[in-house]
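This is protein.txt (compact mmCIF, C-alpha atoms).
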```txt
# COMPACT_ATOMS: atom_id res chain seq x y z
CA MET A 22 -6.04 -32.02 -6.87
CA ASN A 23 -3.75 -29.07 -6.36
CA SER A 24 -3.60 -28.59 -2.60
CA THR A 25 -0.93 -25.91 -2.46
CA ILE A 26 -1.25 -22.18 -2.79
CA VAL A 27 -0.43 -21.44 -6.40
CA THR A 28 0.42 -17.79 -5.93
CA MET A 29 0.75 -15.06 -3.40
CA THR A 30 -2.67 -14.57 -1.88
CA THR A 31 -3.91 -11.22 -0.71
CA PHE A 32 -7.42 -10.55 0.59
CA ASN A 33 -8.77 -13.88 -0.65
CA ASP A 34 -6.89 -17.06 -1.27
CA SER A 35 -7.04 -19.34 -4.27
CA ASP A 36 -9.83 -21.84 -4.12
CA VAL A 37 -7.35 -24.66 -3.74
CA SER A 38 -9.86 -27.23 -2.62
CA SER A 39 -11.83 -27.28 -5.86
CA GLU A 40 -9.38 -26.54 -8.67
CA THR A 41 -7.87 -28.96 -11.11
CA TYR A 42 -4.70 -28.11 -12.96
CA PRO A 43 -5.32 -27.71 -16.71
CA SER A 44 -4.69 -30.78 -18.80
CA SER A 45 -3.56 -28.84 -21.87
CA ASN A 46 0.23 -28.47 -21.90
CA GLN A 47 -0.02 -25.16 -23.73
CA VAL A 48 -2.42 -23.67 -21.18
CA ARG A 49 -0.34 -25.08 -18.33
CA ASP A 50 2.82 -23.54 -19.78
CA GLU A 51 1.12 -20.16 -20.12
CA VAL A 52 0.00 -20.22 -16.48
CA ASP A 53 3.47 -21.31 -15.35
CA MET A 54 5.15 -18.56 -17.37
CA VAL A 55 2.90 -15.86 -15.90
CA ALA A 56 3.54 -17.26 -12.41
CA VAL A 57 7.33 -17.27 -12.88
CA ILE A 58 7.45 -13.73 -14.27
CA CYS A 59 5.22 -12.33 -11.50
CA ASN A 60 6.43 -14.30 -8.49
CA LYS A 61 10.13 -14.64 -9.30
CA TYR A 62 10.93 -11.26 -10.85
CA ILE A 63 8.27 -8.54 -10.69
CA GLY A 64 6.95 -9.31 -7.19
CA PRO A 65 10.28 -9.34 -5.30
CA ILE A 66 11.45 -6.16 -7.05
CA LEU A 67 8.24 -4.37 -6.06
CA CYS A 68 8.56 -5.63 -2.48
CA VAL A 69 12.16 -4.45 -2.04
CA ALA A 70 11.50 -1.07 -3.67
CA GLY A 71 8.33 -0.64 -1.62
CA VAL A 72 9.99 -1.47 1.70
CA PHE A 73 12.73 1.13 1.09
CA GLY A 74 10.16 3.67 -0.11
CA ASN A 75 7.99 3.20 2.97
CA ILE A 76 11.02 3.45 5.27
CA LEU A 77 11.79 6.81 3.64
CA ASN A 78 8.15 7.82 4.07
CA LEU A 79 8.30 7.09 7.79
CA ILE A 80 11.62 8.89 8.28
CA ILE A 81 10.39 12.02 6.49
CA LEU A 82 6.91 12.02 8.04
CA ILE A 83 8.22 11.47 11.59
CA ARG A 84 11.46 13.45 11.63
CA GLY A 85 10.01 16.14 9.38
CA ARG A 86 7.37 16.87 12.01
CA LEU A 87 4.45 16.43 9.64
CA ASN A 88 1.98 16.02 12.48
CA ASN A 89 -1.27 17.17 10.93
CA PRO A 90 -4.11 14.59 11.14
CA PRO A 91 -3.96 13.68 7.42
CA TYR A 92 -0.23 12.97 7.64
CA PHE A 93 -0.79 10.71 10.64
CA TYR A 94 -2.91 8.54 8.35
CA LEU A 95 0.04 8.40 5.96
CA LYS A 96 2.34 7.25 8.78
CA ALA A 97 -0.03 4.40 9.64
CA LEU A 98 -0.39 3.60 5.94
CA ALA A 99 3.40 3.38 5.54
CA VAL A 100 3.61 0.89 8.44
CA THR A 101 0.85 -1.41 7.15
CA ASP A 102 2.17 -1.27 3.58
CA MET A 103 5.71 -2.07 4.69
CA CYS A 104 4.61 -5.02 6.84
CA ALA A 105 2.55 -6.47 3.97
CA LEU A 106 5.52 -6.10 1.60
CA VAL A 107 7.97 -7.78 4.01
CA LEU A 108 5.64 -10.77 4.44
CA SER A 109 5.05 -10.95 0.68
CA PHE A 110 8.79 -10.87 -0.04
CA LEU A 111 9.43 -13.77 2.37
CA HIS A 112 6.60 -15.73 0.78
CA LEU A 113 7.71 -15.12 -2.79
CA MET A 114 11.41 -15.74 -2.20
CA VAL A 115 11.38 -18.52 0.41
CA SER A 116 8.19 -20.08 1.76
CA ASN A 117 6.43 -20.44 -1.61
CA ARG A 118 9.39 -22.49 -2.86
CA SER A 119 9.99 -24.54 0.28
CA THR A 120 8.38 -27.70 1.61
CA LEU A 121 9.92 -27.45 5.09
CA TYR A 122 7.53 -27.52 8.02
CA GLU A 123 8.68 -24.13 9.34
CA TRP A 124 7.99 -22.29 6.09
CA LYS A 125 4.66 -24.01 5.46
CA PHE A 126 3.71 -23.06 9.03
CA PHE A 127 4.69 -19.50 8.13
CA ASP A 128 2.43 -19.61 5.05
CA ALA A 129 -0.59 -21.01 6.90
CA TYR A 130 -0.49 -19.11 10.18
CA LEU A 131 1.52 -15.97 9.52
CA PHE A 132 1.68 -14.96 5.86
CA PHE A 133 -1.86 -15.75 4.76
CA PRO A 134 -3.81 -14.21 7.69
CA LEU A 135 -1.43 -11.31 8.40
CA VAL A 136 -0.95 -10.19 4.81
CA ASN A 137 -4.74 -10.08 4.54
CA PHE A 138 -4.89 -7.99 7.70
CA PHE A 139 -2.23 -5.50 6.57
CA THR A 140 -3.57 -5.11 3.04
CA ALA A 141 -7.15 -4.72 4.28
CA SER A 142 -5.95 -2.18 6.87
CA SER A 143 -4.13 -0.31 4.12
CA VAL A 144 -7.32 -0.12 2.06
CA TRP A 145 -9.44 1.13 4.96
CA LEU A 146 -6.81 3.63 6.12
CA THR A 147 -6.98 5.05 2.61
CA VAL A 148 -10.78 5.04 2.86
CA GLY A 149 -10.55 6.86 6.21
CA VAL A 150 -8.30 9.63 4.98
CA THR A 151 -10.41 9.92 1.80
CA ILE A 152 -13.60 10.45 3.81
CA ASP A 153 -11.83 12.95 6.05
CA ARG A 154 -10.58 14.86 3.04
CA PHE A 155 -14.02 14.77 1.39
CA LEU A 156 -15.60 16.27 4.51
CA TYR A 157 -12.80 18.82 4.80
CA VAL A 158 -13.32 20.03 1.23
CA LYS A 159 -17.12 19.94 1.58
CA ALA A 160 -17.25 21.74 4.95
CA PRO A 161 -13.78 23.16 5.73
CA LEU A 162 -14.70 25.24 8.79
CA TRP A 163 -16.56 22.39 10.47
CA ALA A 164 -13.82 19.89 9.55
CA ARG A 165 -11.01 22.04 10.96
CA ALA A 166 -12.82 22.14 14.29
CA GLN A 167 -13.65 18.42 14.33
CA PHE A 168 -10.61 16.67 12.84
CA SER A 169 -7.99 16.92 15.59
CA LEU A 170 -4.89 14.73 15.79
CA ASN A 171 -6.27 12.76 18.75
CA ARG A 172 -9.49 12.00 16.91
CA ALA A 173 -7.50 10.86 13.88
CA LYS A 174 -5.55 8.47 16.14
CA VAL A 175 -8.83 7.09 17.52
CA ARG A 176 -10.23 6.51 14.02
CA ILE A 177 -7.03 4.76 12.94
CA ALA A 178 -7.12 2.54 16.03
CA ILE A 179 -10.75 1.62 15.32
CA ILE A 180 -9.86 0.69 11.72
CA LEU A 181 -6.96 -1.54 12.82
CA VAL A 182 -8.90 -3.28 15.62
CA ALA A 183 -11.96 -3.88 13.43
CA THR A 184 -9.82 -5.22 10.59
CA ILE A 185 -7.87 -7.67 12.74
CA PHE A 186 -11.14 -8.87 14.29
CA ILE A 187 -12.58 -9.56 10.84
CA THR A 188 -9.33 -11.27 9.79
CA VAL A 189 -9.31 -13.81 12.67
CA PRO A 190 -11.04 -16.59 10.62
CA ARG A 191 -8.10 -16.48 8.17
CA PHE A 192 -6.01 -18.25 10.83
CA LEU A 193 -8.32 -21.27 10.56
CA CYS A 194 -8.17 -21.86 6.80
CA PHE A 195 -5.23 -24.25 6.33
CA SER A 196 -3.57 -27.17 8.06
CA LEU A 197 -0.19 -28.76 7.37
CA VAL A 198 -0.01 -32.22 5.78
CA GLY A 199 3.13 -34.28 5.14
CA ALA A 200 6.22 -35.74 6.75
CA THR A 201 10.05 -35.65 6.59
CA ASN A 202 10.36 -32.08 5.36
CA GLN A 203 7.79 -32.55 2.60
CA TYR A 204 4.84 -30.52 3.84
CA HIS A 205 2.09 -28.73 2.01
CA LEU A 206 -1.05 -26.83 2.92
CA TYR A 207 -4.44 -28.45 2.93
CA PRO A 208 -7.80 -26.70 3.41
CA THR A 209 -9.44 -27.22 6.79
CA SER A 210 -13.05 -28.27 7.16
CA PHE A 211 -13.90 -24.65 7.93
CA ARG A 212 -12.21 -23.54 4.69
CA ALA A 213 -14.41 -25.96 2.72
CA SER A 214 -17.62 -25.11 4.57
CA HIS A 215 -20.59 -22.96 3.65
CA ASN A 216 -19.77 -20.64 6.55
CA TYR A 217 -16.44 -19.78 4.97
CA ARG A 218 -18.11 -19.07 1.66
CA VAL A 219 -20.42 -16.58 3.39
CA TYR A 220 -17.43 -15.08 5.21
CA ASP A 221 -15.54 -14.82 1.92
CA ILE A 222 -18.41 -12.91 0.29
CA VAL A 223 -18.61 -10.56 3.29
CA CYS A 224 -14.87 -9.86 2.99
CA ILE A 225 -15.20 -9.13 -0.71
CA ALA A 226 -17.98 -6.66 0.07
CA LEU A 227 -16.07 -5.00 2.94
CA PHE A 228 -12.57 -4.86 1.48
CA HIS A 229 -13.25 -4.56 -2.24
CA VAL A 230 -16.72 -3.41 -3.21
CA ALA A 231 -17.39 -0.86 -0.44
CA PRO A 232 -13.95 0.82 -0.76
CA LEU A 233 -14.34 1.03 -4.53
CA VAL A 234 -17.72 2.75 -4.21
CA ILE A 235 -16.38 5.20 -1.63
CA PHE A 236 -13.23 5.88 -3.67
CA VAL A 237 -15.13 6.57 -6.88
CA PHE A 238 -17.68 8.87 -5.20
CA CYS A 239 -15.28 10.84 -2.99
CA ASN A 240 -12.50 11.06 -5.56
CA SER A 241 -14.87 12.36 -8.22
CA TYR A 242 -15.93 15.16 -5.90
CA LEU A 243 -12.33 15.94 -4.88
CA ILE A 244 -11.25 16.20 -8.53
CA TYR A 245 -14.20 18.51 -9.20
CA ALA A 246 -13.37 20.65 -6.13
CA VAL A 247 -9.69 21.00 -7.09
CA HIS A 248 -10.61 21.92 -10.66
CA LYS A 249 -13.16 24.48 -9.41
CA ALA A 250 -10.62 26.01 -7.00
CA ARG A 251 -8.09 26.40 -9.81
CA SER A 252 -10.70 28.04 -12.04
CA ILE A 253 -11.56 30.54 -9.29
CA ARG A 254 -7.90 31.34 -8.74
CA LYS A 255 -7.40 31.99 -12.44
CA GLU A 256 -10.56 34.08 -12.71
CA TYR A 257 -9.63 36.39 -9.83
CA ASP A 258 -5.90 36.19 -10.54
CA ILE A 259 -5.11 34.89 -7.06
CA ARG A 260 -1.43 34.06 -6.70
CA ASN A 261 -0.08 31.36 -4.43
CA ASN A 262 2.09 33.79 -2.44
CA LYS A 263 -1.03 35.70 -1.36
CA GLU A 264 -2.77 32.62 0.01
CA LYS A 265 -2.39 31.25 3.49
CA ASP A 266 0.13 28.46 3.91
CA TRP A 267 -2.43 26.06 5.37
CA GLN A 268 -4.67 26.48 2.32
CA LEU A 269 -1.80 25.57 0.02
CA ASP A 270 -0.85 22.57 2.12
CA GLN A 271 -4.42 21.33 2.22
CA ARG A 272 -4.84 21.62 -1.54
CA ARG A 273 -1.53 19.85 -2.16
CA PHE A 274 -2.53 17.05 0.18
CA THR A 275 -5.87 16.74 -1.61
CA ILE A 276 -4.09 16.35 -4.96
CA THR A 277 -1.74 13.77 -3.41
CA LEU A 278 -4.70 11.84 -2.04
CA ILE A 279 -6.45 11.90 -5.41
CA SER A 280 -3.42 10.18 -6.97
CA ILE A 281 -3.30 7.59 -4.15
CA VAL A 282 -6.99 6.80 -4.53
CA LEU A 283 -6.79 6.51 -8.32
CA LEU A 284 -3.98 3.98 -7.96
CA SER A 285 -5.99 2.12 -5.30
CA ILE A 286 -8.93 1.86 -7.69
CA ILE A 287 -6.67 0.49 -10.43
CA ALA A 288 -5.18 -2.05 -8.00
CA ILE A 289 -8.38 -3.19 -6.28
CA LEU A 290 -10.66 -3.46 -9.33
CA PRO A 291 -8.90 -6.46 -10.98
CA SER A 292 -8.74 -8.22 -7.61
CA THR A 293 -12.46 -7.67 -7.14
CA ILE A 294 -13.17 -9.06 -10.60
CA GLY A 295 -10.93 -12.03 -9.78
CA ASP A 296 -12.84 -12.76 -6.57
CA PHE A 297 -16.21 -12.70 -8.32
CA THR A 298 -14.93 -14.90 -11.15
CA ARG A 299 -13.60 -17.38 -8.58
CA LEU A 300 -17.05 -17.58 -7.01
CA LEU A 301 -18.46 -18.25 -10.49
CA HIS A 302 -15.91 -21.07 -11.07
CA ILE A 303 -14.41 -19.81 -14.33
CA PRO A 304 -11.65 -21.93 -15.97
CA PHE A 305 -8.48 -22.38 -13.89
CA SER A 306 -6.11 -20.73 -16.37
CA HIS A 307 -8.14 -17.53 -16.73
CA TYR A 308 -8.63 -17.16 -12.99
CA HIS A 309 -4.97 -17.69 -12.10
CA LYS A 310 -3.65 -15.34 -14.79
CA LEU A 311 -5.98 -12.67 -13.44
CA ARG A 312 -4.99 -13.49 -9.84
CA HIS A 313 -1.25 -13.21 -10.60
CA ILE A 314 -1.72 -9.87 -12.34
CA SER A 315 -4.03 -8.49 -9.63
CA ASN A 316 -1.51 -9.52 -6.95
CA MET A 317 1.22 -7.57 -8.73
CA LEU A 318 -1.07 -4.53 -8.94
CA LEU A 319 -1.74 -4.80 -5.21
CA LEU A 320 2.01 -4.94 -4.54
CA LEU A 321 2.47 -1.92 -6.79
CA ASN A 322 -0.19 -0.07 -4.83
CA LEU A 323 1.67 -0.85 -1.58
CA SER A 324 5.02 0.23 -3.04
CA VAL A 325 4.72 3.55 -4.85
CA ASN A 326 3.34 6.03 -2.32
CA PHE A 327 6.80 7.56 -1.90
CA LEU A 328 6.88 8.40 -5.61
CA LEU A 329 3.36 9.85 -5.44
CA TYR A 330 4.31 12.06 -2.48
CA CYS A 331 7.37 13.31 -4.35
CA ALA A 332 5.36 13.99 -7.51
CA PHE A 333 2.34 15.76 -6.00
CA ASN A 334 3.15 17.02 -2.49
CA LYS A 335 5.54 19.97 -2.41
CA ARG A 336 5.51 20.10 1.38
CA PHE A 337 6.74 16.50 1.57
CA VAL A 338 9.46 17.26 -0.99
CA ARG A 339 10.46 20.42 0.86
CA VAL A 340 10.85 18.53 4.13
CA MET A 341 12.79 15.76 2.38
CA LYS A 342 15.20 18.27 0.83
CA SER A 343 15.74 20.00 4.16
CA MET A 344 16.52 16.65 5.82
CA PHE A 345 18.70 14.99 3.21
CA GLY A 346 19.78 18.00 1.15
CA GLY A 347 20.96 19.80 4.27
CA GLY A 348 23.26 16.92 5.08
CA LEU A 349 24.74 16.97 1.58
CA ILE A 350 25.33 20.73 1.81
CA LYS A 351 27.16 20.26 5.11
CA VAL A 352 29.34 17.55 3.58
CA LYS A 353 30.16 19.78 0.59
CA LEU A 354 31.00 22.73 2.85
CA SER A 355 33.20 20.49 4.98
CA ILE A 356 35.06 19.27 1.88
CA ARG A 357 35.51 22.84 0.64
CA ARG A 358 36.83 23.96 4.02
CA THR A 359 39.27 21.05 4.10
CA LYS A 360 40.51 21.88 0.61
CA SER A 361 40.76 25.58 1.50
CA SER A 362 42.77 24.88 4.64
CA ARG A 363 45.10 22.58 2.71
CA TYR A 364 45.55 25.24 0.02
CA SER A 365 46.33 27.89 2.68
CA ARG A 366 48.89 25.61 4.30
CA THR A 367 50.54 24.96 0.93
CA GLU A 368 50.79 28.68 0.21
CA THR A 369 52.23 29.32 3.69
CA ASN A 370 54.89 26.63 3.19
CA MET A 371 55.81 28.11 -0.20
CA TYR A 372 56.57 31.54 1.33
CA MET A 373 58.50 30.19 4.30
```
As structure tokens:
Amino acid sequence: MNSTIVTMTTFNDSDVSSETYPSSNQVRDEVDMVAVICNKYIGPILCVAGVFGNILNLIILIRGRLNNPPYFYLKALAVTDMCALVLSFLHLMVSNRSTLYEWKFFDAYLFFPLVNFFTASSVWLTVGVTIDRFLYVKAPLWARAQFSLNRAKVRIAIILVATIFITVPRFLCFSLVGATNQYHLYPTSFRASHNYRVYDIVCIALFHVAPLVIFVFCNSYLIYAVHKARSIRKEYDIRNNKEKDWQLDQRRFTITLISIVLLSIIAILPSTIGDFTRLLHIPFSHYHKLRHISNMLLLLNLSVNFLLYCAFNKRFVRVMKSMFGGGLIKVKLSIRRTKSSRYSRTETNMYM
């Protein structure tokens, strides 16, 4: 019986209590190869790139004074994504390869429950901003009056508190077994119980199925609304420089959100399929290949928001250029002044 976590686990862990490693050497080699490629190479690269990207997101969103309610969601999203990526990097690079008590304790009581909390929070923060944007596009006048910054903060707090409350049972799933620095994780009686199975199904519904339904519905409408707005602009020959700045910013944010939601759908769907196939007890090799791939897609989803902001949000890019580009311009001007002063001194010495 394989009593260790085979791979990085997000949202729902591997069913370690009931799986048997495949007897076929060929199948076993295929599973091992996929695990090595994902956990040793792709995963850590995504984690490092994502942490740096989310740090840049926070710097630009905070110092750039992007304080509108939608951007406050993005600040919270950057924090949860970064925390999940840091935990995942430690798991992939250290604790997953170690048998020391400290690192197995980290896996059981820190990595597994907290990475579930942060990834679930990330999903529902995206759901929150998607619903807000849907209502804003559907009823803009009403939404502008209702969606203040303080109310956005309250909604974010509710999402985080509710998610951590739902995640509490994850702390009770594994115990440590072993001695003399040879420890591994073993499922607790709660983890093997019927109650946990019910809890697992509820989590799949809350963190996978419900977000997917909301994403598909709201995103379809947002895509339709953006396309309709562009058609109206072309029909009446409305130019961007004649529109109000807030209208431009709102439309750009909507397009940015559409890209974020599309990526979330791509990342969550394989994980959802993997969870349902685990409940149906499909063969070990198929489930774990799917689980490795879905984990990498989840890491990708946590890592690339910075690139999406740069690609689709001109306001974000403008603020970034003013922050970092301004510093480069100052450095260049300083270098030019230094060279100019040196040149003037040289000419003065020549005529003396």
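In this structure, atom CA of Ala129 of chain A sits 9.3 Å away from atom CA of Tyr207 of chain A.
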Worksheet item: Which of these, A:Leu206, A:Ile287, A:Val158, A:Cys224, has the shortest distance to Thr188 of chain A once you count only C-alpha atoms?
Response: A:Cys224
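From atom CA of Val148 of chain A back to atom CA of Phe238 of chain A, the distance works out to 11.3 Å.
Proximity to Asp53 of chain A was assessed for A:Lys125, A:His309, A:Lys159, A:Lys342 counting only C-alpha atoms; the smallest distance is recorded for A:His309.
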Worksheet item: Got a sec: who's within 10 Å of Leu318 of chain A, counting only C-alpha atoms, leaving out chain neighbours fewer than 6 positions off, as a list in words?
Response: Gly64, Leu67, Leu284, Ser285, Ile287, Ala288, Ile289, Leu290, Pro291, Ser292, Arg312 and Ser324 of chain A
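Straight-line separation from atom CA of Ser109 of chain A to atom CA of Ala183 of chain A: 22.4 Å.
Residue nearest Arg191 of chain A within the list A:Ile225, A:Leu135, A:Ala178, A:Leu156: A:Leu135 [criterion: smallest interatomic distance, only C-alpha atoms].
Restricting the calculation to all atoms listed in the file, the smallest distance between Gln271 of chain A and any of A:Thr209, A:Asn137, A:Asn171, A:Asn89 is found for A:Asn89.
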Worksheet item: Using only C-alpha atoms, which residue out of A:Arg251, A:Leu323, A:Thr147, A:Tyr242 lies closest to Phe73 of chain A?
Response: A:Leu323
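The residues that lie within 8 Å of the point (7.2, -19.2, -4.8), counting all atoms listed in the file, are A:Thr28, A:Met29, A:Asn60, A:Lys61, A:His112, A:Leu113, A:Met114, A:Val115, A:Ser116, A:Asn117, A:Arg118, A:Ser119.
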Worksheet item: Between A:Arg272, A:Glu123, A:Arg336, A:Lys310, which has the minimum distance to Pro161 of chain A (counting all atoms listed in the file)?
Response: A:Arg272
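Using all atoms listed in the file, the residues found no farther than 9 Å from Leu131 of chain A, other than those of its own chain fewer than 4 positions away, are Leu108, Phe126, Phe127, Leu135, Val136 and Phe192 of chain A.
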Worksheet item: Any idea what's packed within 8 Å of segment 327-333 of chain A, counting all atoms listed in the file, ignoring anything in its chain fewer than 6 positions away? Could you give it as a PyMOL selection string?
Response: chain A and resi 74-75+77-78+273-274+276-277+280-281
Selection near Leu320 of chain A, 10 Å with all atoms listed in the file, sequence-local residues under 6 positions removed, as a JSON list (two decimals) with C-alpha atoms, in the coordinates of the input:
```
[["chain", "number", "residue", "atom", "x", "y", "z"],
["A", 31, "THR", "CA", -3.91, -11.22, -0.71],
["A", 63, "ILE", "CA", 8.27, -8.54, -10.69],
["A", 64, "GLY", "CA", 6.95, -9.31, -7.19],
["A", 65, "PRO", "CA", 10.28, -9.34, -5.30],
["A", 66, "ILE", "CA", 11.45, -6.16, -7.05],
["A", 67, "LEU", "CA", 8.24, -4.37, -6.06],
["A", 68, "CYS", "CA", 8.56, -5.63, -2.48],
["A", 71, "GLY", "CA", 8.33, -0.64, -1.62],
["A", 102, "ASP", "CA", 2.17, -1.27, 3.58],
["A", 105, "ALA", "CA", 2.55, -6.47, 3.97],
["A", 106, "LEU", "CA", 5.52, -6.10, 1.60],
["A", 109, "SER", "CA", 5.05, -10.95, 0.68],
["A", 140, "THR", "CA", -3.57, -5.11, 3.04],
["A", 288, "ALA", "CA", -5.18, -2.05, -8.00],
["A", 314, "ILE", "CA", -1.72, -9.87, -12.34]]
```
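Residues with any atom within 12 Å of Val175 of chain A, counting all atoms listed in the file and excluding same-chain neighbours fewer than 5 positions away, are Pro90, Phe93, Tyr94, Gly149, Phe168, Ser169, Leu170, Ile180, Leu181 and Val182 of chain A.
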